[in-house]
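Below: the structure, in structure tokens.
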Amino acid sequence: MPATVVVGTQWGDEGKGRLTDLIAKEMAMVVRYQGGHNAGHTIVIGSDGNEERFALQLIPSGVLYDHITPMIGNGVVVDPAVLLAEVDTLESRGIDTSRLKVSGNAHLVMPYHAEIDRLSERRLGKNKLGTTRGGIGPAYADKALRVGLRVQDLLDPKIFREKLEVVLKERNAVLAKVFNRLPINASDLADRYLGEFAPRLEPMVADTVGLVHEALEAGQHVLLEGAQATFLDLDHGTYPFVTSSNPVAGGACTGSGVGPRHIDRVVGITKAYLTRVGSGPFPTELTDETGRGLGERGREFGTVTGRQRRCGWFDAALVRQTCLIGGVSGIALTKLDVLDAFETVKVCVAYEGPDGRRYEHMPYHQSLLHNVRPVFAELPGWRTDLSHLTEGNDLPAQARAYVDFLAEQAGVPVNMVSVGPRRDQFVHVG
């Protein structure tokens with residue numbers, strides 16, 4: 001049975017977790033394939049007056065379904081303290097997490113990673129990258145340097161202590177000589193991780209590659225869930241204002257161990273306008289009352305950090321390129337209802353460079369991207385509350401025209417539209 005990939009098409013916060021939760025009911029397994037606890041998503045279940053919100057960081061959205069095996073793949077970096085705290089929170093609210101599996105090949109986020117992340121951002125000052133300061137980047141850096149600690153190392157105390165001694169010699173030197181901080185004691189840290197975390201994690205650790213292929217061979221549906229989004233990708237994003245892994249659809253293969261021939265659907269989650277957290281270029285950003293209105297109506301604050309997101313009009317040039325990079329087969333459009341109050345809505349259909357040249361996709365050179373001017377098309381708003389709709393055919397003509405225009409600009413059909421924050425507030429339009 002083929003697999004489905006869910007990927008963000010913009011700068012994150014498009015609603016991937018919620019869409020994953022919605023389509024997970026047809027799945028047997030949901031696999032998170034990259035990122036760490038720097039990415040969060042909020043899922044709202046229940047009806048008006050009886051709603052429950054679940055804020056997840058590491059555990060895949062499928063955990064809310066009894067029939068699903070939620071899995072953290074090898075491409076994820078895991079902070080055990082965060083993961084176990086999330087498990088405890090879900091269990092306290094009646095959610096069974098006993099089916100959760102964690103790849104033994106996933107790398108660990110250690111306290112020195114978070115400390116270096118925090119101090120590095122402070123040292124960069126106005127040139128900071130805007131990280132969550134959770135240690136994700138330094139953990140991936142250690143992975144690339146081949147000095148990282150993996151989840152499986154927790155199951156071998158001797159190996160764990162030896163590896164930790166080696167890496168802390170280097171990291172303590174950085175902390176002391178660059179940041180004037182006291183060294184971290186390797187023995188004390190090992191005692192904590194082996195005594196506090198290893199016993200609780202051991203039942204979760206598994207050969208996730210083997211499990212996911214067993215599911216595929218048995219004809220079961222598998223969903224591959226990424227964190228962040230295409231333009232935060234380490235290779236394809238607005239570098240250096242990116243994450244430290246590959247959220248693009250292709251990253252699902254390396255981060256989960258699923259080969260490309262098993263994937264037949266890539267769902268691009270796309271917000272009906274645009275937001276961004278932290279630093280980096282944003283051609284359609286609105287810093288006026290309209291931008292503030294989008295932020296207020298859309299409740300644009302980060303699940304993990306609480307930071308206010310920057311807001312702007314929809315950027316078709318951005319999404320058009322995502323569809324090429326990710327092989328997106330269909331779009332799920334979120335937060336269309338946030339635009340209910342606007343008399344007119346705008347869509348960036350291209351960029352104009354300083355030399356007057358028109359760009360239909362994101363320019364490859366960052367200096368150019370920082371200086372482009374968005375070319376807007378303006379469409380009439382619908383000034384109608386969409387939140388009560390249950391059928392795509394009931395969309396007001398202007399709202400349907402907006403959806404169709406976005407699909408035409410992206411070159412990919414829009415199949416679903418969300419008209420509110422709850423699990424049940426999606427309508428089919430394709």
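Chains: A, B, ... in order of the structure tokens. Residues: from 1 per chain. Ligands: from 1, in order shown.
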- Message: Please list as an MDAnalysis selection string every residue within 8 Å of Val372 of chain A, counting only C-alpha atoms and excluding residues in the same chain fewer than 4 positions away.
- Response: chainID A and resid 283 351:354 368
May I have the selected residues written with N, CA and C atoms, as a compact mmCIF listing (two decimals), in the first residue's frame?
```
# COMPACT_ATOMS: atom_id res chain seq x y z
N PRO A 283 8.56 38.87 1.24
CA PRO A 283 8.16 39.90 0.27
C PRO A 283 6.75 40.45 0.46
N TYR A 351 7.13 38.24 -8.66
CA TYR A 351 7.98 39.28 -8.08
C TYR A 351 8.55 40.13 -9.21
N GLU A 352 8.81 41.39 -8.87
CA GLU A 352 9.51 42.27 -9.80
C GLU A 352 10.85 42.64 -9.17
N GLY A 353 11.94 42.35 -9.89
CA GLY A 353 13.26 42.65 -9.37
C GLY A 353 13.61 44.12 -9.51
N PRO A 354 14.70 44.56 -8.89
CA PRO A 354 15.13 45.96 -8.98
C PRO A 354 15.36 46.42 -10.41
N LEU A 368 18.84 39.17 -4.24
CA LEU A 368 17.73 39.56 -5.10
C LEU A 368 16.40 39.41 -4.37
```
Closest-contact table, segment 183-274 of chain A side, partner segment 23-40 of chain A, 9 Å, counting only C-alpha atoms, as JSON lines:
```
{"residue": "A:Thr208", "atom": "CA", "partner": "A:Val31", "partner_atom": "CA", "distance": 9.0}
{"residue": "A:Val212", "atom": "CA", "partner": "A:Met29", "partner_atom": "CA", "distance": 7.6}
{"residue": "A:Ala215", "atom": "CA", "partner": "A:Ala28", "partner_atom": "CA", "distance": 7.6}
{"residue": "A:Gln220", "atom": "CA", "partner": "A:Ala28", "partner_atom": "CA", "distance": 6.0}
{"residue": "A:His221", "atom": "CA", "partner": "A:Met27", "partner_atom": "CA", "distance": 4.7}
{"residue": "A:Val222", "atom": "CA", "partner": "A:Met29", "partner_atom": "CA", "distance": 4.9}
{"residue": "A:Leu223", "atom": "CA", "partner": "A:Val30", "partner_atom": "CA", "distance": 4.7}
{"residue": "A:Leu224", "atom": "CA", "partner": "A:Val31", "partner_atom": "CA", "distance": 4.8}
{"residue": "A:Glu225", "atom": "CA", "partner": "A:Arg32", "partner_atom": "CA", "distance": 4.7}
{"residue": "A:Gly226", "atom": "CA", "partner": "A:Tyr33", "partner_atom": "CA", "distance": 5.6}
{"residue": "A:Ala227", "atom": "CA", "partner": "A:Gly35", "partner_atom": "CA", "distance": 5.8}
{"residue": "A:Gln228", "atom": "CA", "partner": "A:Ala39", "partner_atom": "CA", "distance": 6.2}
{"residue": "A:Thr243", "atom": "CA", "partner": "A:Gly35", "partner_atom": "CA", "distance": 8.0}
{"residue": "A:Ser244", "atom": "CA", "partner": "A:Gly35", "partner_atom": "CA", "distance": 7.6}
{"residue": "A:Ser245", "atom": "CA", "partner": "A:Gly35", "partner_atom": "CA", "distance": 6.3}
{"residue": "A:Asn246", "atom": "CA", "partner": "A:Gln34", "partner_atom": "CA", "distance": 6.9}
{"residue": "A:Pro247", "atom": "CA", "partner": "A:Gln34", "partner_atom": "CA", "distance": 6.5}
{"residue": "A:Gly251", "atom": "CA", "partner": "A:Tyr33", "partner_atom": "CA", "distance": 7.4}
{"residue": "A:Ala252", "atom": "CA", "partner": "A:Tyr33", "partner_atom": "CA", "distance": 5.6}
{"residue": "A:Cys253", "atom": "CA", "partner": "A:Tyr33", "partner_atom": "CA", "distance": 8.1}
{"residue": "A:Thr254", "atom": "CA", "partner": "A:Tyr33", "partner_atom": "CA", "distance": 7.9}
{"residue": "A:Gly255", "atom": "CA", "partner": "A:Tyr33", "partner_atom": "CA", "distance": 4.4}
{"residue": "A:Ser256", "atom": "CA", "partner": "A:Tyr33", "partner_atom": "CA", "distance": 5.3}
{"residue": "A:Gly257", "atom": "CA", "partner": "A:Tyr33", "partner_atom": "CA", "distance": 8.9}
```
- Note on the structure: As a check of understanding: the span from atom CA of Asn185 of chain A to atom CA of Lys163 of chain A is 13.4 Å
Shell around Met110 of chain A at 9 Å using only C-alpha atoms, local window under 6 positions removed, as a compact mmCIF listing (two decimals) with all heavy atoms, in the first residue's frame:
```txt
# COMPACT_ATOMS: atom_id res chain seq x y z
N VAL A 78 15.55 14.12 19.23
CA VAL A 78 14.64 13.93 20.36
C VAL A 78 15.27 14.42 21.66
O VAL A 78 16.34 13.96 22.05
CB VAL A 78 14.28 12.44 20.50
CG1 VAL A 78 13.38 12.22 21.72
CG2 VAL A 78 13.61 11.92 19.23
N ASP A 79 14.58 15.34 22.32
CA ASP A 79 14.94 15.72 23.68
C ASP A 79 14.11 14.83 24.60
O ASP A 79 12.88 14.98 24.67
CB ASP A 79 14.62 17.19 23.93
CG ASP A 79 15.08 17.68 25.30
OD1 ASP A 79 14.99 16.88 26.26
OD2 ASP A 79 15.51 18.83 25.41
N PRO A 80 14.74 13.89 25.31
CA PRO A 80 13.97 12.95 26.13
C PRO A 80 13.09 13.63 27.17
O PRO A 80 11.97 13.18 27.45
CB PRO A 80 15.05 12.10 26.81
CG PRO A 80 16.24 12.21 25.93
CD PRO A 80 16.18 13.60 25.36
N GLY A 135 18.11 23.84 21.05
CA GLY A 135 19.24 22.95 20.80
C GLY A 135 19.12 22.11 19.55
O GLY A 135 19.94 21.21 19.31
N ALA A 139 22.23 19.97 17.74
CA ALA A 139 22.08 18.51 17.73
C ALA A 139 22.27 17.96 16.32
O ALA A 139 22.96 16.94 16.12
CB ALA A 139 20.71 18.11 18.27
N LEU A 149 24.89 11.67 19.92
CA LEU A 149 24.38 10.53 20.69
C LEU A 149 23.01 10.16 20.15
O LEU A 149 22.19 11.05 19.87
CB LEU A 149 24.28 10.88 22.17
CG LEU A 149 25.62 11.11 22.88
CD1 LEU A 149 25.41 11.86 24.18
CD2 LEU A 149 26.29 9.78 23.15
```
- Go through segment 225-278 of chain A and collect every residue that DSSP, computed from the backbone, puts in alpha helix (DSSP H); the answer should be as number ranges by chain. A: 251-256
- Could you pull out the strand (DSSP E or B) residues of segment 164-412 of chain A from DSSP and send them as a ChimeraX atom specification? /A:205-206,222-225,263-271,274-276,285,301,308,310-312,314-315,330-334,344-352,358-359,373-380
- Message: List the spatial neighbours of Glu165 of chain A as number ranges by chain - criterion: any atom at most 10 Å away, only C-alpha atoms, same-chain residues fewer than 5 positions off excluded.
- Response: A: 159-160, 170, 185-187, 190
Those same residues - N, CA, C and O atoms - I'd like them written as an mmCIF file, in the first residue's frame.
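Wrote it out as result17.cif, contents follow:
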```cif
data_model
loop_
_atom_site.group_PDB
_atom_site.id
_atom_site.type_symbol
_atom_site.label_atom_id
_atom_site.label_comp_id
_atom_site.auth_asym_id
_atom_site.auth_seq_id
_atom_site.Cartn_x
_atom_site.Cartn_y
_atom_site.Cartn_z
ATOM 1 N N ILE A 159 28.553 2.397 26.402
ATOM 2 C CA ILE A 159 28.718 3.172 25.171
ATOM 3 C C ILE A 159 28.269 4.615 25.380
ATOM 4 O O ILE A 159 28.924 5.567 24.936
ATOM 5 N N PHE A 160 27.142 4.798 26.074
ATOM 6 C CA PHE A 160 26.615 6.144 26.292
ATOM 7 C C PHE A 160 27.625 7.004 27.055
ATOM 8 O O PHE A 160 27.894 8.149 26.672
ATOM 9 N N GLU A 170 34.878 18.472 23.763
ATOM 10 C CA GLU A 170 34.799 19.535 22.751
ATOM 11 C C GLU A 170 33.777 20.599 23.135
ATOM 12 O O GLU A 170 34.053 21.796 23.051
ATOM 13 N N ASN A 185 29.378 18.428 33.727
ATOM 14 C CA ASN A 185 29.982 17.198 34.240
ATOM 15 C C ASN A 185 29.400 15.993 33.506
ATOM 16 O O ASN A 185 28.186 15.739 33.585
ATOM 17 N N ALA A 186 30.240 15.259 32.801
ATOM 18 C CA ALA A 186 29.787 14.132 31.987
ATOM 19 C C ALA A 186 29.168 13.032 32.835
ATOM 20 O O ALA A 186 28.144 12.439 32.466
ATOM 21 N N SER A 187 29.773 12.733 33.969
ATOM 22 C CA SER A 187 29.279 11.645 34.819
ATOM 23 C C SER A 187 27.895 11.966 35.377
ATOM 24 O O SER A 187 26.996 11.103 35.376
ATOM 25 N N ALA A 190 25.341 11.755 32.535
ATOM 26 C CA ALA A 190 25.088 10.359 32.179
ATOM 27 C C ALA A 190 24.202 9.687 33.218
ATOM 28 O O ALA A 190 23.276 8.936 32.877
#
```
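Closest approach to Val258 of chain A among A:Gly75, A:Gly148, A:Gly12, A:Gly420 is made by A:Gly75 (distances from only C-alpha atoms).
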Extract, using only C-alpha atoms, all DNA, RNA and protein residues at most 9 Å from Leu395 of chain A, discarding same-chain residues fewer than 5 positions from it, and format them as a PDB file with N, CA, C and O atoms, in the first residue's frame.
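Okay, result17.pdb is ready:
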```pdb
ATOM      1  N   LEU A 386     -17.744  31.918   7.248  1.00  0.00           N
ATOM      2  CA  LEU A 386     -17.642  30.596   6.644  1.00  0.00           C
ATOM      3  C   LEU A 386     -17.661  29.466   7.665  1.00  0.00           C
ATOM      4  O   LEU A 386     -17.753  28.292   7.285  1.00  0.00           O
ATOM      5  N   LEU A 389     -20.063  26.346   7.524  1.00  0.00           N
ATOM      6  CA  LEU A 389     -20.227  25.556   6.297  1.00  0.00           C
ATOM      7  C   LEU A 389     -19.793  24.109   6.504  1.00  0.00           C
ATOM      8  O   LEU A 389     -18.812  23.825   7.200  1.00  0.00           O
ATOM      9  N   ARG A 400     -15.106  30.986  -3.363  1.00  0.00           N
ATOM     10  CA  ARG A 400     -14.767  29.911  -4.299  1.00  0.00           C
ATOM     11  C   ARG A 400     -13.840  30.435  -5.396  1.00  0.00           C
ATOM     12  O   ARG A 400     -12.898  29.747  -5.818  1.00  0.00           O
TER      13      ARG A 400
END
```
- Message: as a ChimeraX atom specification, please: the residues near segment 269-275 of chain A (cut-off 10 Å, only C-alpha atoms, same-chain neighbours under 5 positions excluded).
- Response: /A:6-20,229,282,284-286,291,294-295,298,300,308-316,319,328,330-339,345-347,402-403,406,414,416-418
Write the residues of the preceding selection, restricted to C-alpha atoms, as a short mmCIF file (atom, residue, chain, number, x, y, z; two decimals), in the first residue's frame.
```
data_model
loop_
_atom_site.label_atom_id
_atom_site.label_comp_id
_atom_site.auth_asym_id
_atom_site.auth_seq_id
_atom_site.Cartn_x
_atom_site.Cartn_y
_atom_site.Cartn_z
CA VAL A 6 2.05 15.82 4.42
CA VAL A 7 4.30 18.82 3.82
CA GLY A 8 4.09 22.54 4.60
CA THR A 9 4.30 24.70 1.50
CA GLN A 10 5.25 28.03 3.07
CA TRP A 11 7.21 29.05 6.21
CA GLY A 12 5.44 26.72 8.61
CA ASP A 13 2.36 27.09 10.82
CA GLU A 14 0.09 26.11 7.94
CA GLY A 15 -1.87 23.57 9.99
CA LYS A 16 -0.02 20.34 9.17
CA GLY A 17 -0.79 18.70 12.50
CA ARG A 18 -4.47 19.37 12.20
CA LEU A 19 -4.69 18.06 8.65
CA THR A 20 -2.64 15.03 9.65
CA ALA A 229 7.86 23.72 5.92
CA PHE A 282 9.14 38.06 3.50
CA THR A 284 4.41 40.12 1.02
CA GLU A 285 4.72 41.05 4.70
CA LEU A 286 2.19 43.56 6.02
CA GLY A 291 -1.23 42.70 8.92
CA LEU A 294 -4.63 38.99 10.06
CA GLY A 295 -2.57 38.15 13.13
CA GLY A 298 -5.78 34.07 12.85
CA GLU A 300 -0.95 33.91 14.97
CA GLN A 308 3.83 36.58 17.38
CA ARG A 309 4.04 35.62 13.73
CA ARG A 310 4.66 38.08 10.93
CA CYS A 311 1.69 38.20 8.53
CA GLY A 312 1.20 39.01 4.85
CA TRP A 313 -0.83 38.28 1.75
CA PHE A 314 -0.72 34.91 -0.01
CA ASP A 315 2.43 34.40 -2.10
CA ALA A 316 1.69 32.24 -5.16
CA VAL A 319 3.80 28.00 -3.28
CA VAL A 328 2.68 18.19 -4.50
CA GLY A 330 -3.06 18.28 -4.01
CA ILE A 331 -3.43 21.27 -1.67
CA ALA A 332 -5.30 21.49 1.62
CA LEU A 333 -6.02 25.20 2.14
CA THR A 334 -6.27 26.29 5.76
CA LYS A 335 -7.65 29.34 7.58
CA LEU A 336 -9.78 30.61 4.70
CA ASP A 337 -12.22 31.88 7.36
CA VAL A 338 -9.59 34.34 8.65
CA LEU A 339 -10.18 36.36 5.46
CA VAL A 345 -7.94 40.18 -0.71
CA LYS A 346 -4.59 40.20 -2.49
CA VAL A 347 -2.42 37.48 -3.98
CA TYR A 402 -10.35 32.95 -4.47
CA VAL A 403 -9.75 29.22 -3.91
CA LEU A 406 -4.94 30.02 -5.82
CA VAL A 414 -7.11 22.54 -3.99
CA MET A 416 -9.86 20.67 0.93
CA VAL A 417 -10.48 23.99 2.68
CA SER A 418 -10.65 24.69 6.41
#
```
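The spacing separating atom CA of Ala106 of chain A from atom CA of Gly62 of chain A amounts to 19.2 Å.
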